[in-house]
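Q: Dropping a structure here in C-alpha cells format, bear with me for questions.
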Amino acid sequence: MAKPRIAVFSGPTATITNTPDLVTSNQARTRHGLPLLTAPDGGPTRFDVLRAQRLAAPVTVYVEACSAHPLEADSNHLCAVPDGWLDDSGSFQSGTAPAGATPVYVVELRPEDGLYLLPYMARKADGSAWEEATAQPFAPIAASRQTFYPDASRLYEEIDRFGLSDLGRPVELSSVADFDFIRAAPAGGYTQGLGAEARTDAGEGDIPPERLGEDFFVYYPYHLRHEPTLATLARATNTVQTRLASGRYIGAQWLEGSPTAEETIYWLNLVVDTTVPIVGHAGQRRHQALSCDGDRNIVDGIKYLTSGVATDKDGRDRVGAVVIIDELVYSAREVAKVDARPGGYEATGGHGGVVADMGGHGPPQLTYVPTRRHTYCSDVRLSVLPSEVTGVTGSLDEGVLAVPVATKRDDVNLESTAIPVVTISKYSEYSPPPTGPDAWSDPAVEVEILARISANLMNAPLAGFVCEGMSPFAIGSPTMNAALSVAVFAGMPVVRVGRGNTGGMARKTEPIFVAGNNLTATKARVLLMAAILKLGALPPAADPRRPTEQEHAATSRAVGRYQEIFDTH
C-alpha cells in the first residue's frame with residue numbers, strides 16, 4: 001500500500017530548524033596548529049563535539065564490545081562472541097583470543113547508510129578556526145554562515161538517522177509517511193542560488209540567489225534578524241492553499257519560531273480551505289542542542305496526522321488547525337507561548353484549548369472538539385473571500401473616501417498587498433493627562449492612535465485596530481475610546497478584547513465596536529485581518545470626528561456583520 005503523504009511547510013525564524021554554530025573541532029585545530037577549544041577549568045575540552053556529516057568513502061572501524069551501556073558486560077553471557085580481537089599492537093585477530101586482547105565488532109561504515117556523527121574539521125578561508133557562525137563579530141550576511149536549515153528535509157533525515165524510540169528502535173519517519181518539504185517562508189536561504197538537480201523540497205526548477213528579509217527570515221546571528229511582512233504572509237497562504245488543494249496530502253505540518261507560530265497557525269485555520277488537518281510545531285531549543293524538544297514535537301505531529309484521530313467518518317478534519325508541542329494538542333485559537341522553555345505554552349481564554357493528548361506510548365486521545373468554525377467551514381476561508389472589497393483613503397482633515405481594493409488574483413490567490421494592517425492599542429491605568437477640563441474624552445490625547453489612523457489612510461486602505469482593554473470588559477480609557485471611535489468612522493473596524501489572558505468574555509457594550517469574546521489581542525488581530533478581507537472597510541463618515549445619527553446607524557449595521565464572524569470563529 002502507498003504510504004500517506006504529508007506536506008511540511010518551512011516558516012520563518014524557526015528554532016525547530018535551527019542548529020548550534022559549527023565550531024572547528026580540536027582534532028582539526030591540533031592538525032593545523034590552532035589554539036584548542038578550552039573547558040571552563042581552562043584546559044582543553046575533554047571531547048570533541050560531533051556533528052552530523054556524510055562519508056565520502058567506505059571505512060572499516062573496530063568497536064569495543066560491551067561499550068554501549070555500563071551494564072552490557074554484566075549480560076555478556078547472553079551475547080554471541082565478538083567478531084574478533086585487537087592485540088596490544090592494535091592488529092585485528094580472529095579465531096582464538098590472544099591474551100589481553102580487546103574484543104571488538106567489525107563495522108563497515110558506508111556513505112549510502114546516511115549521516116554519521118563526526119568531528120567538525122572545517123576552518124575559515126584564512127586558515128583560522130571557526131568560533132561562531134560569522135567570520136568576524138557582527139559580520140554581514142555575505143560573511144556569515146547560516147544556522148537555520150533552508151527546508152525541513154535535513155531535519156527529518158537526522159530524526160530518521162539518529163532518533164531513538166523508547167523501546168530502542170529507530171523512529172523511522174520515512175517508513176510511516178512520505179513528505180514534501182515546501183519552503184513557504186523559510187528561515188534559511190540559498191544566497192548563492194541552487195541548481196535544480198540539488199533541490200530538496202517538492203518544487204521544480206532552479207532557485208536564484210535569495211535575499212535575507214525577502215526570501216528567508218532569520219533571528220540568528222541576532223544582528224541579522226529579519227521578520228516576514230504582510231506580503232510574505234500572503235505568499236505563504238497562497239502556497240499552503242495551493243498545495244493542500246492538490247488532494248495529495250493527509251495533512252500538513254507548519255514549522256515556525258515559537259513566539260509567532262500560534263498566530264500563523266490560527267491564520268491558516270481561518271483562511272485555508274482544506275479538509276485535512278493542519279498542525280503547527282515549534283521548538284524552544286535548537287535542533288541538535290541538549291534536550292532539544294522540537295524533534296519530538298515533529299514526531300508527535302506525524303503520529304497525530306497518521307492516526308486519523310482528528311478526522312470524522314468522511315475523512316474531514318473535525319478539530320481545526322492545532323499546535324502540537326510538549327505532547328499536548330492545542331487548538332490554534334487558544335494556544336499562546338508564555339515562556340521560552342519546554343512546557344512554556346498555555347491554553348488561553350479560560351475555557352479549554354487542549355483538544356488532545358498525544359497518549360505517550362499509545363495512540364493520541366481526543367478530549368473535545370472545538371465549536372468554532374475553521375478551514376473548510378470558515379466564513380473567511382480563501383475560496384469564499386471576494387476578489388475586491390471597499391477600502392478607505394484620504395485624511396481626517398480633508399475627508400475620507402471609499403476606494404476599491406483588489407484582494408485576490410485570478411479569483412484564487414491573495415494579492416501580496418491586500419493583507420490589512422491591524423494595530424494593537426493597549427489600555428493601562430494612569431494614562432497621559434488630559435489637555436483641559438473637558439479633555440477626558442478628547443481623542444487628541446491619543447497621539448499614537450491618531451497618527452496610525454492618518455498613516456493608514458495614506459498607505460493602507462484596509463486597516464483596523466484591536467483595543468486590549470480592561471479584563472474582561474475590554475473597555476479602554478475615555479480618550480482611547482474617543483480616538484478609536486474616530487478610527488471606526490474613518491472606516492477602520494475596532495475589536496475590543498480583555499487585557500492579557502482573560503478568562504471572561506468581552507461583551508458588546510457599544511454598537512460601533514466589535515466584541516472579541518475571550519480572544520487574546522494577538523489572536524483578535526489575526527481574525528480581524530481575515531474579516532476585513534471578507535467585509536472590507538466600514539462606511540466612512542463625512543467627518544469621522546463628528547458622525548451624524550444616520551452615519552452612526554450605518555456603521556453599527558456594518559459592525560454587526562463583523563460581530564457575526566467574531567461570535568463564530
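Every chain in the C-alpha cells takes a letter, A first, then B, and so on in the order presented; its residues are numbered from 1, and the ligands are numbered from 1 following the presented order.
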With only C-alpha atoms as the counted atoms, please give the residues lying no more than 7 Å from region 553-560 of chain A, apart from itself and same-chain residues fewer than 2 positions off, as a PDB file with C-alpha atoms, in the first residue's frame.
A:
```pdb
ATOM      1  CA  PRO A 511     -22.678  49.131  18.786  1.00  0.00           C
ATOM      2  CA  ILE A 512     -19.748  50.651  16.925  1.00  0.00           C
ATOM      3  CA  PHE A 513     -17.139  48.307  18.457  1.00  0.00           C
ATOM      4  CA  VAL A 514     -16.706  44.570  17.824  1.00  0.00           C
ATOM      5  CA  LEU A 538     -16.663  50.271   7.365  1.00  0.00           C
ATOM      6  CA  PRO A 539     -18.630  53.095   5.688  1.00  0.00           C
ATOM      7  CA  GLU A 549     -27.021  59.941  13.503  1.00  0.00           C
ATOM      8  CA  GLN A 550     -27.536  58.292  10.115  1.00  0.00           C
ATOM      9  CA  GLU A 551     -23.819  57.577   9.738  1.00  0.00           C
ATOM     10  CA  TYR A 562     -18.098  41.751  11.815  1.00  0.00           C
ATOM     11  CA  GLN A 563     -19.609  40.670  15.125  1.00  0.00           C
ATOM     12  CA  GLU A 564     -21.146  37.601  13.492  1.00  0.00           C
TER      13      GLU A 564
END
```
Q: For Pro277 (chain A), find every residue with an atom within 12 Å (counting only C-alpha atoms), except residues of its own chain fewer than 5 positions away, and show them as a ChimeraX atom specification.
A: /A:6-7,244,249-254,265,268-269,272,301-302,304-312,315-324,331-332,374-376
Q: Excluding same-chain residues fewer than 2 positions from Gly344 (chain A), what lies within 10 Å of it counting only C-alpha atoms, as a list in words?
A: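 So the residues in contact are Ser258, Gln284, Ile325, Asp326, Ala336, Lys337, Val338, Asp339, Ala340, Arg341, Pro342 and Glu346 of chain A.
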Q: Could you take the residues named above and write them with N, CA and C atoms, as a PDB file, in the first residue's frame?
A:
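Saved file again38.pdb follows:
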```pdb
ATOM      1  N   SER A 258       8.914  29.833  17.800  1.00  0.00           N
ATOM      2  CA  SER A 258       7.964  29.601  18.887  1.00  0.00           C
ATOM      3  C   SER A 258       7.171  30.838  19.309  1.00  0.00           C
ATOM      4  N   GLN A 284      11.541  25.085  21.486  1.00  0.00           N
ATOM      5  CA  GLN A 284      12.098  26.083  22.392  1.00  0.00           C
ATOM      6  C   GLN A 284      13.622  26.011  22.435  1.00  0.00           C
ATOM      7  N   ILE A 325       2.775  20.462  20.815  1.00  0.00           N
ATOM      8  CA  ILE A 325       4.041  20.768  21.481  1.00  0.00           C
ATOM      9  C   ILE A 325       4.009  20.179  22.883  1.00  0.00           C
ATOM     10  N   ASP A 326       5.125  19.584  23.302  1.00  0.00           N
ATOM     11  CA  ASP A 326       5.240  19.012  24.648  1.00  0.00           C
ATOM     12  C   ASP A 326       4.156  17.975  24.916  1.00  0.00           C
ATOM     13  N   ALA A 336      -1.062  29.858  23.323  1.00  0.00           N
ATOM     14  CA  ALA A 336      -0.166  31.015  23.431  1.00  0.00           C
ATOM     15  C   ALA A 336       1.128  30.599  24.101  1.00  0.00           C
ATOM     16  N   LYS A 337       2.231  31.137  23.605  1.00  0.00           N
ATOM     17  CA  LYS A 337       3.514  30.947  24.266  1.00  0.00           C
ATOM     18  C   LYS A 337       3.610  31.899  25.445  1.00  0.00           C
ATOM     19  N   VAL A 338       4.026  31.374  26.599  1.00  0.00           N
ATOM     20  CA  VAL A 338       4.142  32.205  27.787  1.00  0.00           C
ATOM     21  C   VAL A 338       5.560  32.227  28.351  1.00  0.00           C
ATOM     22  N   ASP A 339       6.429  31.325  27.880  1.00  0.00           N
ATOM     23  CA  ASP A 339       7.792  31.307  28.391  1.00  0.00           C
ATOM     24  C   ASP A 339       8.674  30.557  27.403  1.00  0.00           C
ATOM     25  N   ALA A 340       9.939  30.901  27.365  1.00  0.00           N
ATOM     26  CA  ALA A 340      10.880  30.284  26.426  1.00  0.00           C
ATOM     27  C   ALA A 340      11.514  29.049  27.046  1.00  0.00           C
ATOM     28  N   ARG A 341      10.726  28.022  27.239  1.00  0.00           N
ATOM     29  CA  ARG A 341      11.206  26.745  27.756  1.00  0.00           C
ATOM     30  C   ARG A 341      10.184  25.677  27.394  1.00  0.00           C
ATOM     31  N   PRO A 342      10.593  24.416  27.309  1.00  0.00           N
ATOM     32  CA  PRO A 342       9.600  23.360  27.120  1.00  0.00           C
ATOM     33  C   PRO A 342       8.550  23.420  28.216  1.00  0.00           C
ATOM     34  N   GLU A 346       0.435  27.674  26.949  1.00  0.00           N
ATOM     35  CA  GLU A 346      -0.797  27.537  27.716  1.00  0.00           C
ATOM     36  C   GLU A 346      -1.996  27.731  26.802  1.00  0.00           C
TER      37      GLU A 346
END
```
Q: So that I can check the surroundings of Gly189 (chain A), please list as a PyMOL selection string every protein, DNA and RNA residue that reaches within 9 Å of it, counting only C-alpha atoms and ignoring chain neighbours fewer than 3 positions away.
A: chain A and resi 146+148-151+186+192-193+209-212+215-217
Q: Please report, as a PyMOL selection string, each residue of region 496-564 of chain A to which DSSP assigns helix (DSSP H, G or I) when run on this structure's backbone.
A: chain A and resi 521-535+549-564
Q: For the strand (DSSP E) assignment from backbone DSSP, which residues of region 154-298 of chain A qualify? Please present them as JSON, numbers by chain.
A: {"A": [178, 179, 180, 181, 182, 251, 252, 253, 254, 255, 278, 279, 280, 281]}
Q: Could you write out that same residue set with C-alpha atoms as a compact mmCIF listing (two decimals), in the first residue's frame?
A:
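Wrote it out as result_34.txt, contents follow:
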```txt
# COMPACT_ATOMS: atom_id res chain seq x y z
CA ASP A 178 6.23 10.30 2.56
CA PHE A 179 6.96 14.01 2.86
CA ASP A 180 7.08 17.01 0.57
CA PHE A 181 9.27 19.76 2.00
CA ILE A 182 7.95 23.15 0.93
CA GLY A 251 -2.32 16.71 6.43
CA ALA A 252 0.25 19.44 6.82
CA GLN A 253 2.92 20.46 9.30
CA TRP A 254 3.93 24.12 9.63
CA LEU A 255 7.29 24.87 11.30
CA ILE A 278 -3.03 21.43 9.78
CA VAL A 279 -0.51 21.01 12.60
CA GLY A 280 1.88 23.69 13.83
CA HIS A 281 5.18 22.94 15.54
```
Q: Work out how far CA of Lys534 (chain A) is from CA of Val380 (chain A), in Å to one decimal.
A: 6.0 Å
Q: Go through A:Cys66, A:Leu535, A:Val445, A:Ala143 and flag the residue nearest Asn481 (chain A), using only C-alpha atoms for the distances.
A: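 Checking each candidate against Asn481 (chain A), we get A:Val445 as the closest.
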Q: Applying 7 Å and only C-alpha atoms, which residues near Gly469 (chain A) remain after dropping the ones on its own chain fewer than 3 positions away? List them as a PyMOL selection string.
A: chain A and resi 426-427+474-476+496-499
Q: Next, the residues of the selection above should be written as an mmCIF file, in the first residue's frame with N, CA and C atoms.
A:
```
data_model
loop_
_atom_site.group_PDB
_atom_site.id
_atom_site.type_symbol
_atom_site.label_atom_id
_atom_site.label_comp_id
_atom_site.auth_asym_id
_atom_site.auth_seq_id
_atom_site.Cartn_x
_atom_site.Cartn_y
_atom_site.Cartn_z
ATOM 1 N N LYS A 426 -3.062 49.191 23.587
ATOM 2 C CA LYS A 426 -3.196 48.571 24.909
ATOM 3 C C LYS A 426 -3.584 49.587 25.965
ATOM 4 N N TYR A 427 -4.611 49.244 26.719
ATOM 5 C CA TYR A 427 -5.063 50.088 27.833
ATOM 6 C C TYR A 427 -4.191 49.861 29.059
ATOM 7 N N ALA A 474 -13.044 44.815 28.409
ATOM 8 C CA ALA A 474 -12.377 45.231 27.175
ATOM 9 C C ALA A 474 -12.549 46.702 26.859
ATOM 10 N N ILE A 475 -12.853 47.509 27.847
ATOM 11 C CA ILE A 475 -13.029 48.944 27.630
ATOM 12 C C ILE A 475 -11.707 49.652 27.886
ATOM 13 N N GLY A 476 -11.351 50.590 27.007
ATOM 14 C CA GLY A 476 -10.164 51.384 27.215
ATOM 15 C C GLY A 476 -10.474 52.633 28.017
ATOM 16 N N ARG A 496 -12.578 44.951 20.507
ATOM 17 C CA ARG A 496 -12.189 45.084 21.909
ATOM 18 C C ARG A 496 -12.026 43.703 22.550
ATOM 19 N N VAL A 497 -10.909 43.521 23.242
ATOM 20 C CA VAL A 497 -10.673 42.289 23.992
ATOM 21 C C VAL A 497 -10.127 42.658 25.367
ATOM 22 N N GLY A 498 -10.196 41.697 26.278
ATOM 23 C CA GLY A 498 -9.657 41.919 27.612
ATOM 24 C C GLY A 498 -8.143 41.870 27.625
ATOM 25 N N ARG A 499 -7.590 42.436 28.680
ATOM 26 C CA ARG A 499 -6.137 42.534 28.790
ATOM 27 C C ARG A 499 -5.535 41.182 29.169
#
```
Q: Would you work out the distance separating CA of Asp206 (chain A) from CA of Gly188 (chain A), expressed in Å to one decimal?
A: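 Taking CA of Asp206 (chain A) as the start and CA of Gly188 (chain A) as the end point, the length is 16.3 Å.
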Q: CA of Ser10 (chain A) and CA of Gly213 (chain A), how far apart in Å?
A: 15.0 Å
Q: Would you write out, as a tab-separated table, a table of all residues in region 506-563 of chain A that have an atom no more than 12 Å from an atom of region 405-421 of chain A, listing for each the closest atom pair and the distance in Å to one decimal, considering only C-alpha atoms and ordering rows by chain and rising residue number?
A:
```
residue	atom	partner	partner_atom	distance
A:Arg525	CA	A:Val421	CA	9.2
A:Val526	CA	A:Pro420	CA	9.7
A:Leu527	CA	A:Pro420	CA	10.8
A:Leu528	CA	A:Pro420	CA	8.5
A:Met529	CA	A:Pro420	CA	5.4
A:Ala530	CA	A:Pro420	CA	8.0
A:Ala531	CA	A:Pro420	CA	9.4
A:Ile532	CA	A:Pro420	CA	6.9
A:Leu533	CA	A:Thr407	CA	6.9
A:Lys534	CA	A:Thr407	CA	9.2
A:Leu535	CA	A:Thr407	CA	11.1
A:Gly536	CA	A:Val405	CA	8.5
A:Ala537	CA	A:Val405	CA	9.9
```
Q: Could the residues in this selection be saved with N, CA and C atoms as an mmCIF file, in the first residue's frame?
A:
```
data_model
loop_
_atom_site.group_PDB
_atom_site.id
_atom_site.type_symbol
_atom_site.label_atom_id
_atom_site.label_comp_id
_atom_site.auth_asym_id
_atom_site.auth_seq_id
_atom_site.Cartn_x
_atom_site.Cartn_y
_atom_site.Cartn_z
ATOM 1 N N ARG A 525 -6.347 40.167 16.480
ATOM 2 C CA ARG A 525 -5.733 40.841 15.326
ATOM 3 C C ARG A 525 -5.782 39.936 14.100
ATOM 4 N N VAL A 526 -5.442 38.668 14.261
ATOM 5 C CA VAL A 526 -5.442 37.735 13.136
ATOM 6 C C VAL A 526 -6.843 37.575 12.560
ATOM 7 N N LEU A 527 -7.843 37.406 13.433
ATOM 8 C CA LEU A 527 -9.213 37.239 12.955
ATOM 9 C C LEU A 527 -9.716 38.521 12.285
ATOM 10 N N LEU A 528 -9.356 39.681 12.808
ATOM 11 C CA LEU A 528 -9.786 40.934 12.197
ATOM 12 C C LEU A 528 -9.159 41.111 10.814
ATOM 13 N N MET A 529 -7.921 40.724 10.647
ATOM 14 C CA MET A 529 -7.291 40.794 9.328
ATOM 15 C C MET A 529 -8.090 39.980 8.310
ATOM 16 N N ALA A 530 -8.472 38.756 8.709
ATOM 17 C CA ALA A 530 -9.246 37.906 7.800
ATOM 18 C C ALA A 530 -10.638 38.476 7.563
ATOM 19 N N ALA A 531 -11.258 39.017 8.616
ATOM 20 C CA ALA A 531 -12.615 39.561 8.483
ATOM 21 C C ALA A 531 -12.634 40.776 7.560
ATOM 22 N N ILE A 532 -11.617 41.608 7.623
ATOM 23 C CA ILE A 532 -11.565 42.780 6.736
ATOM 24 C C ILE A 532 -11.436 42.331 5.283
ATOM 25 N N LEU A 533 -10.686 41.265 5.021
ATOM 26 C CA LEU A 533 -10.609 40.738 3.664
ATOM 27 C C LEU A 533 -11.967 40.262 3.174
ATOM 28 N N LYS A 534 -12.805 39.841 4.096
ATOM 29 C CA LYS A 534 -14.143 39.375 3.732
ATOM 30 C C LYS A 534 -15.122 40.535 3.560
ATOM 31 N N LEU A 535 -15.096 41.502 4.474
ATOM 32 C CA LEU A 535 -16.133 42.531 4.541
ATOM 33 C C LEU A 535 -15.686 43.903 4.059
ATOM 34 N N GLY A 536 -14.396 44.133 4.001
ATOM 35 C CA GLY A 536 -13.913 45.446 3.601
ATOM 36 C C GLY A 536 -14.032 46.465 4.714
ATOM 37 N N ALA A 537 -13.777 47.720 4.380
ATOM 38 C CA ALA A 537 -13.804 48.800 5.371
ATOM 39 C C ALA A 537 -15.233 49.119 5.782
#
```
Q: Arg381 (chain A): which residues within 6 Å, counting only C-alpha atoms, same-chain residues fewer than 3 positions away excluded, as a list of chain:residue names?
A: A:Leu270, A:Val271, A:Val272, A:Asp273, A:Ser378, A:Val384
Q: Please, could you write that set of residues out with N, CA, C and O atoms as a tab-separated table (two decimals), in the first residue's frame?
A:
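Saved to part10.tsv:
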```tsv
chain	number	residue	atom	x	y	z
A	270	LEU	N	-8.12	29.89	9.75
A	270	LEU	CA	-9.23	30.73	9.31
A	270	LEU	C	-9.37	30.79	7.80
A	270	LEU	O	-10.49	30.79	7.27
A	271	VAL	N	-8.25	30.84	7.06
A	271	VAL	CA	-8.34	31.21	5.65
A	271	VAL	C	-8.07	30.07	4.67
A	271	VAL	O	-8.46	30.17	3.51
A	272	VAL	N	-7.39	29.01	5.10
A	272	VAL	CA	-7.08	27.92	4.16
A	272	VAL	C	-8.29	27.00	4.04
A	272	VAL	O	-8.78	26.47	5.04
A	273	ASP	N	-8.75	26.82	2.84
A	273	ASP	CA	-9.93	25.98	2.57
A	273	ASP	C	-9.45	24.56	2.31
A	273	ASP	O	-9.10	24.19	1.19
A	378	SER	N	-14.97	27.69	7.50
A	378	SER	CA	-14.75	29.07	7.94
A	378	SER	C	-15.44	30.04	6.99
A	378	SER	O	-15.45	29.85	5.77
A	384	VAL	N	-13.93	31.68	-0.38
A	384	VAL	CA	-15.16	32.47	-0.35
A	384	VAL	C	-14.89	33.96	-0.16
A	384	VAL	O	-15.83	34.76	-0.09
```
Q: With distances taken over only C-alpha atoms, which residue among A:Leu164, A:Leu519, A:Leu115, A:Val299 lies nearest Ala347 (chain A)?
A: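 Closest to Ala347 (chain A), using only C-alpha atoms: A:Leu519.
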Q: Quick one: of A:Thr232, A:Ala541, A:Gly283, A:Thr102, who's nearest to Ala261 (chain A), counting only C-alpha atoms?
A: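 Using only C-alpha atoms, the shortest distance to Ala261 (chain A) belongs to A:Gly283.
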Q: Given the choices A:Asp442, A:Asp314, A:Glu112, A:Glu334, which gets closest to Asn518 (chain A) if the distance is worked out from only C-alpha atoms?
A: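 Smallest distance to Asn518 (chain A) is found for A:Glu334.
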Q: What lies within 12 Å of Ala455 (chain A) using only C-alpha atoms, ignoring chain neighbours under 2 positions off, as a ChimeraX atom specification?
A: /A:392-396,421-423,448-453,457-464,487
Q: How would the residues just chosen look if you wrote them out with C-alpha atoms as a tab-separated table (two decimals), in the first residue's frame?
A:
```
chain	number	residue	atom	x	y	z
A	392	VAL	CA	-10.63	53.88	2.57
A	393	THR	CA	-8.18	56.63	1.75
A	394	GLY	CA	-7.78	60.38	2.32
A	395	SER	CA	-7.26	62.24	5.59
A	396	LEU	CA	-9.18	63.23	8.70
A	421	VAL	CA	-2.82	46.49	8.63
A	422	VAL	CA	-4.21	45.87	12.11
A	423	THR	CA	-2.67	47.66	15.11
A	448	GLU	CA	-0.27	57.36	18.66
A	449	ILE	CA	-3.73	56.19	17.62
A	450	LEU	CA	-4.41	59.33	15.60
A	451	ALA	CA	-1.03	59.06	13.88
A	452	ARG	CA	-1.77	55.45	12.95
A	453	ILE	CA	-5.19	56.43	11.57
A	457	LEU	CA	-5.45	56.49	5.32
A	458	MET	CA	-2.33	57.31	3.34
A	459	ASN	CA	-0.85	53.84	2.92
A	460	ALA	CA	-3.24	51.05	3.99
A	461	PRO	CA	-6.77	51.21	2.55
A	462	LEU	CA	-7.64	48.07	4.52
A	463	ALA	CA	-6.87	48.59	8.20
A	464	GLY	CA	-8.23	48.20	11.71
A	487	ALA	CA	-10.92	55.20	13.55
```
Q: Given only C-alpha atoms, how would the per-residue table for region 245-339 of chain A near region 152-159 of chain A read, listing every residue at most 10 Å away with its closest atom pair and distance in Å to one decimal, sorted by chain and number, as CSV?
A:
```
residue,atom,partner,partner_atom,distance
A:Leu255,CA,A:Ala152,CA,8.4
A:His287,CA,A:Leu155,CA,8.0
A:Gln288,CA,A:Glu158,CA,9.2
A:Asp295,CA,A:Ile159,CA,6.7
A:Arg296,CA,A:Ile159,CA,9.0
A:Ile298,CA,A:Tyr156,CA,8.6
A:Val299,CA,A:Ile159,CA,8.6
```
Q: Give me a file of those residues, with N, CA and C atoms, as an mmCIF file, in the first residue's frame.
A:
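The result, written out as again_24.cif:
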```cif
data_model
loop_
_atom_site.group_PDB
_atom_site.id
_atom_site.type_symbol
_atom_site.label_atom_id
_atom_site.label_comp_id
_atom_site.auth_asym_id
_atom_site.auth_seq_id
_atom_site.Cartn_x
_atom_site.Cartn_y
_atom_site.Cartn_z
ATOM 1 N N LEU A 255 6.194 24.673 10.356
ATOM 2 C CA LEU A 255 7.293 24.869 11.304
ATOM 3 C C LEU A 255 7.662 26.339 11.355
ATOM 4 N N HIS A 287 17.568 22.487 17.315
ATOM 5 C CA HIS A 287 17.819 21.116 16.888
ATOM 6 C C HIS A 287 19.282 20.783 17.138
ATOM 7 N N GLN A 288 19.562 19.588 17.638
ATOM 8 C CA GLN A 288 20.886 19.063 17.996
ATOM 9 C C GLN A 288 21.370 19.544 19.357
ATOM 10 N N ASP A 295 12.326 18.021 17.907
ATOM 11 C CA ASP A 295 12.287 16.743 17.204
ATOM 12 C C ASP A 295 11.094 15.905 17.656
ATOM 13 N N ARG A 296 10.880 15.854 18.964
ATOM 14 C CA ARG A 296 9.761 15.063 19.486
ATOM 15 C C ARG A 296 8.424 15.662 19.051
ATOM 16 N N ILE A 298 7.765 17.153 16.272
ATOM 17 C CA ILE A 298 7.542 16.737 14.890
ATOM 18 C C ILE A 298 7.069 15.292 14.816
ATOM 19 N N VAL A 299 7.717 14.421 15.565
ATOM 20 C CA VAL A 299 7.315 13.012 15.571
ATOM 21 C C VAL A 299 5.876 12.874 16.062
#
```
